[in-house]
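Peer 1: Here it is: the structure, laid out below.
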Amino acid sequence: MKINTRKFGVIDIEETKILTMPEGLPGFLGFKRFILLENPDTKPFCWFQSVEDPNLALVVINPFLFMPDYHLDLKGVISMRKWSLSRAKDLLIYVVVNISENNLHQKKITANLIGPIIINPFENEAVQLVLSDGVYSHNYNILESGKK
């Protein structure tokens with residue numbers, strides 16, 4: 001199947017790789033089909049690309065790469081989605097990244113740790129959680145995390 005993307009142009013994807021978001025993506029109503037695009041040139045960053053709109057693509061990253069102690073209780077989402085998993089570790093977790101530049105052309109890369117995207121690769125489904133316990137930030141500075 002061919003899809004149009006803003007970043008990579010027209011690409012050919014396997015339909016079996018399309019992820020459905022039954023509840024949609026918060027803030028982007030009506031869009032429920034996405035694909036996770038990995039590019040060796042941009043590792044560890046990936047794109048969570050809408051199949052329906054070439055302009056809807058979120059930069060995402062595995063949060064455990066910069067925060068090994070990131071913790072989510074996934075029992076609720078597993079139960080809610082009726083996912084038949086033997087382990088929560090079988091799920092893929094990504095967080096949305098924002099890359100900005102200030103007046104001095106210094107890059108700032110932040111991650112939204114309160115809105116992780118949980119992917120069940122066995123069911124080809126994904127959900128975005130919204131954590132409200134206040135433990136994590138929506139603009140965690142990834143570049144500062146390695147300076148401790």
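Chain labels run A, B, ... following the order of the structure tokens; each chain numbers its residues from 1, and ligands are numbered from 1 in the order shown.
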From the DSSP assignment of the backbone, select every residue of chain A that is strand (DSSP E), and format the answer as number ranges by chain.

Peer 2: A: 2-5, 9-12, 19-20, 33-38, 46-50, 57-61, 92-101, 107-120, 125-128, 140-141

Peer 1: Tell me which protein, DNA and RNA residues are within 12 Å of Asp133 in chain A, counting only C-alpha atoms, leaving out same-chain ones fewer than 2 positions away, and put them as a JSON list (two decimals) with C-alpha atoms, in the first residue's frame.

Peer 2:
```json
[["chain", "number", "residue", "atom", "x", "y", "z"],
["A", 71, "HIS", "CA", 7.44, 3.62, 34.90],
["A", 72, "LEU", "CA", 3.90, 3.10, 33.67],
["A", 73, "ASP", "CA", 1.20, 0.92, 35.12],
["A", 113, "LEU", "CA", 6.28, 11.91, 29.39],
["A", 114, "ILE", "CA", 2.66, 12.39, 30.49],
["A", 115, "GLY", "CA", 1.23, 11.30, 27.12],
["A", 129, "LEU", "CA", -2.40, 7.51, 27.65],
["A", 130, "VAL", "CA", -2.77, 10.74, 29.57],
["A", 131, "LEU", "CA", -1.10, 10.43, 32.96],
["A", 135, "VAL", "CA", 5.13, 12.47, 38.48],
["A", 136, "TYR", "CA", 6.30, 13.27, 34.94],
["A", 137, "SER", "CA", 6.49, 16.39, 32.77]]
```

Peer 1: Give the helix (DSSP H, G or I) residues of chain A, as assigned by DSSP on the backbone, as a ChimeraX atom specification.

Peer 2: /A:15-17,40-42,63-65,75-81,88-90,142-145

Peer 1: Within 9 Å of range 43-55 of chain A, counting only C-alpha atoms, which residues show up once you throw out same-chain ones fewer than 4 positions away? Write them as a short mmCIF file (atom, residue, chain, number, x, y, z; two decimals) with C-alpha atoms, in the first residue's frame, please.

Peer 2:
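Output (around_29.cif):
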```
data_model
loop_
_atom_site.label_atom_id
_atom_site.label_comp_id
_atom_site.auth_asym_id
_atom_site.auth_seq_id
_atom_site.Cartn_x
_atom_site.Cartn_y
_atom_site.Cartn_z
CA ILE A 3 0.91 6.37 1.47
CA ASN A 4 1.99 9.97 1.15
CA THR A 5 4.14 11.48 3.90
CA ARG A 6 5.46 15.00 4.33
CA LYS A 7 8.89 13.84 5.53
CA GLY A 9 7.27 11.48 0.22
CA ILE A 18 -0.88 -0.22 10.11
CA PHE A 31 -7.46 10.12 12.56
CA LYS A 32 -7.26 6.51 13.67
CA ARG A 33 -4.73 4.77 11.40
CA PHE A 34 -1.00 5.25 11.89
CA ILE A 35 2.28 3.60 11.10
CA LEU A 36 5.53 3.72 13.02
CA LEU A 37 8.30 4.73 10.62
CA GLU A 38 11.87 4.02 11.59
CA ASN A 39 14.72 5.52 9.61
CA VAL A 59 8.37 12.56 16.14
CA VAL A 60 8.58 9.88 18.83
CA ILE A 61 11.26 8.13 20.85
CA ASN A 62 11.51 5.20 23.24
CA LEU A 65 16.71 5.40 26.11
CA VAL A 96 6.17 12.45 21.55
CA VAL A 97 9.19 14.70 21.01
#
```

Peer 1: Using only C-alpha atoms, determine which residues lie at most 9 Å from Ile117 in chain A, disregarding the query and same-chain residues fewer than 4 positions distant; provide the list as an MDAnalysis selection string.

Peer 2: chainID A and resid 60 92:96 126:129

Peer 1: Could the residues in this selection be written to a file with N, CA and C atoms, as a short mmCIF file (atom, residue, chain, number, x, y, z; two decimals), in the first residue's frame?

Peer 2:
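So the final result, stored in again_14.cif, reads:
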```
data_model
loop_
_atom_site.label_atom_id
_atom_site.label_comp_id
_atom_site.auth_asym_id
_atom_site.auth_seq_id
_atom_site.Cartn_x
_atom_site.Cartn_y
_atom_site.Cartn_z
N VAL A 60 8.68 10.64 17.59
CA VAL A 60 8.58 9.88 18.83
C VAL A 60 9.91 9.20 19.13
N LEU A 92 5.10 -1.86 23.11
CA LEU A 92 6.09 -0.85 22.75
C LEU A 92 5.62 0.48 23.29
N ILE A 93 6.55 1.25 23.84
CA ILE A 93 6.20 2.53 24.43
C ILE A 93 7.04 3.62 23.77
N TYR A 94 6.34 4.68 23.34
CA TYR A 94 7.01 5.83 22.73
C TYR A 94 6.43 7.10 23.36
N VAL A 95 7.22 8.15 23.35
CA VAL A 95 6.74 9.45 23.79
C VAL A 95 6.98 10.45 22.66
N VAL A 96 6.10 11.44 22.59
CA VAL A 96 6.17 12.45 21.55
C VAL A 96 7.29 13.44 21.89
N ALA A 126 -2.94 0.85 19.00
CA ALA A 126 -2.19 1.79 19.81
C ALA A 126 -3.16 2.70 20.55
N VAL A 127 -2.72 3.18 21.70
CA VAL A 127 -3.49 4.16 22.46
C VAL A 127 -2.50 5.18 23.02
N GLN A 128 -2.98 6.40 23.20
CA GLN A 128 -2.17 7.39 23.88
C GLN A 128 -2.77 7.58 25.27
N LEU A 129 -1.96 7.31 26.27
CA LEU A 129 -2.40 7.51 27.65
C LEU A 129 -2.21 8.97 28.02
#
```

Peer 1: List the spatial neighbours of Asn98 in chain A as a PyMOL selection string - criterion: any atom at most 7 Å away, only C-alpha atoms, same-chain residues fewer than 4 positions off excluded.

Peer 2: chain A and resi 109-111

Peer 1: One number please: CA of Val77 in chain A to CA of Glu15 in chain A, in Å, one decimal.

Peer 2: 24.4 Å

Peer 1: Could you name the residues that touch Lys75 in chain A at 8 Å or less, counting only C-alpha atoms, but leaving out those on the same chain fewer than 3 positions away, as a ChimeraX atom specification?

Peer 2: /A:78-79,88

Peer 1: For Ser132 in chain A, which residue out of A:Pro116, A:Ser100, A:Gly27, A:Ala57 is the nearest one, using only C-alpha atoms?

Peer 2: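 Nearest to Ser132 in chain A: A:Pro116.
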
Peer 1: May I have the residues within 9 Å of Ile142 in chain A as a PyMOL selection string, using only C-alpha atoms and disregarding those fewer than 2 positions away in the same chain?

Peer 2: chain A and resi 66-67+108-111+139-140+144-146

Peer 1: Since we have the selection now, will you write its residues out, keeping N, CA and C atoms, as an mmCIF file, in the first residue's frame?

Peer 2:
```cif
data_model
loop_
_atom_site.group_PDB
_atom_site.id
_atom_site.type_symbol
_atom_site.label_atom_id
_atom_site.label_comp_id
_atom_site.auth_asym_id
_atom_site.auth_seq_id
_atom_site.Cartn_x
_atom_site.Cartn_y
_atom_site.Cartn_z
ATOM 1 N N PHE A 66 16.506 7.444 27.415
ATOM 2 C CA PHE A 66 17.025 8.574 28.187
ATOM 3 C C PHE A 66 16.526 8.580 29.631
ATOM 4 N N MET A 67 15.562 7.725 29.953
ATOM 5 C CA MET A 67 15.041 7.632 31.321
ATOM 6 C C MET A 67 14.751 6.171 31.632
ATOM 7 N N LYS A 108 16.624 22.611 21.595
ATOM 8 C CA LYS A 108 16.040 22.054 22.797
ATOM 9 C C LYS A 108 15.156 20.906 22.353
ATOM 10 N N ILE A 109 15.383 19.741 22.916
ATOM 11 C CA ILE A 109 14.591 18.565 22.581
ATOM 12 C C ILE A 109 13.889 18.103 23.848
ATOM 13 N N THR A 110 12.556 18.170 23.803
ATOM 14 C CA THR A 110 11.786 17.775 24.975
ATOM 15 C C THR A 110 10.869 16.611 24.622
ATOM 16 N N ALA A 111 10.508 15.852 25.642
ATOM 17 C CA ALA A 111 9.623 14.699 25.469
ATOM 18 C C ALA A 111 8.407 14.861 26.363
ATOM 19 N N ASN A 139 7.193 18.357 29.161
ATOM 20 C CA ASN A 139 8.317 18.930 28.411
ATOM 21 C C ASN A 139 9.659 18.596 29.071
ATOM 22 N N TYR A 140 9.879 17.311 29.260
ATOM 23 C CA TYR A 140 11.120 16.811 29.863
ATOM 24 C C TYR A 140 12.268 17.026 28.867
ATOM 25 N N GLU A 144 19.185 17.483 28.658
ATOM 26 C CA GLU A 144 19.647 17.691 30.039
ATOM 27 C C GLU A 144 19.705 16.380 30.819
ATOM 28 N N SER A 145 18.978 15.362 30.375
ATOM 29 C CA SER A 145 18.904 14.115 31.146
ATOM 30 C C SER A 145 20.249 13.409 31.246
ATOM 31 N N GLY A 146 21.116 13.577 30.263
ATOM 32 C CA GLY A 146 22.413 12.915 30.281
ATOM 33 C C GLY A 146 23.492 13.689 31.014
#
```

Peer 1: Work out how far apart CA of Leu25 in chain A and CA of Asn112 in chain A are and give it in Å to one decimal.

Peer 2: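 Interatomic distance here is 14.2 Å.
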
Peer 1: CA of Phe8 in chain A and CA of Phe28 in chain A are how many Å apart?

Peer 2: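 Between these atoms lies a distance of 21.0 Å.
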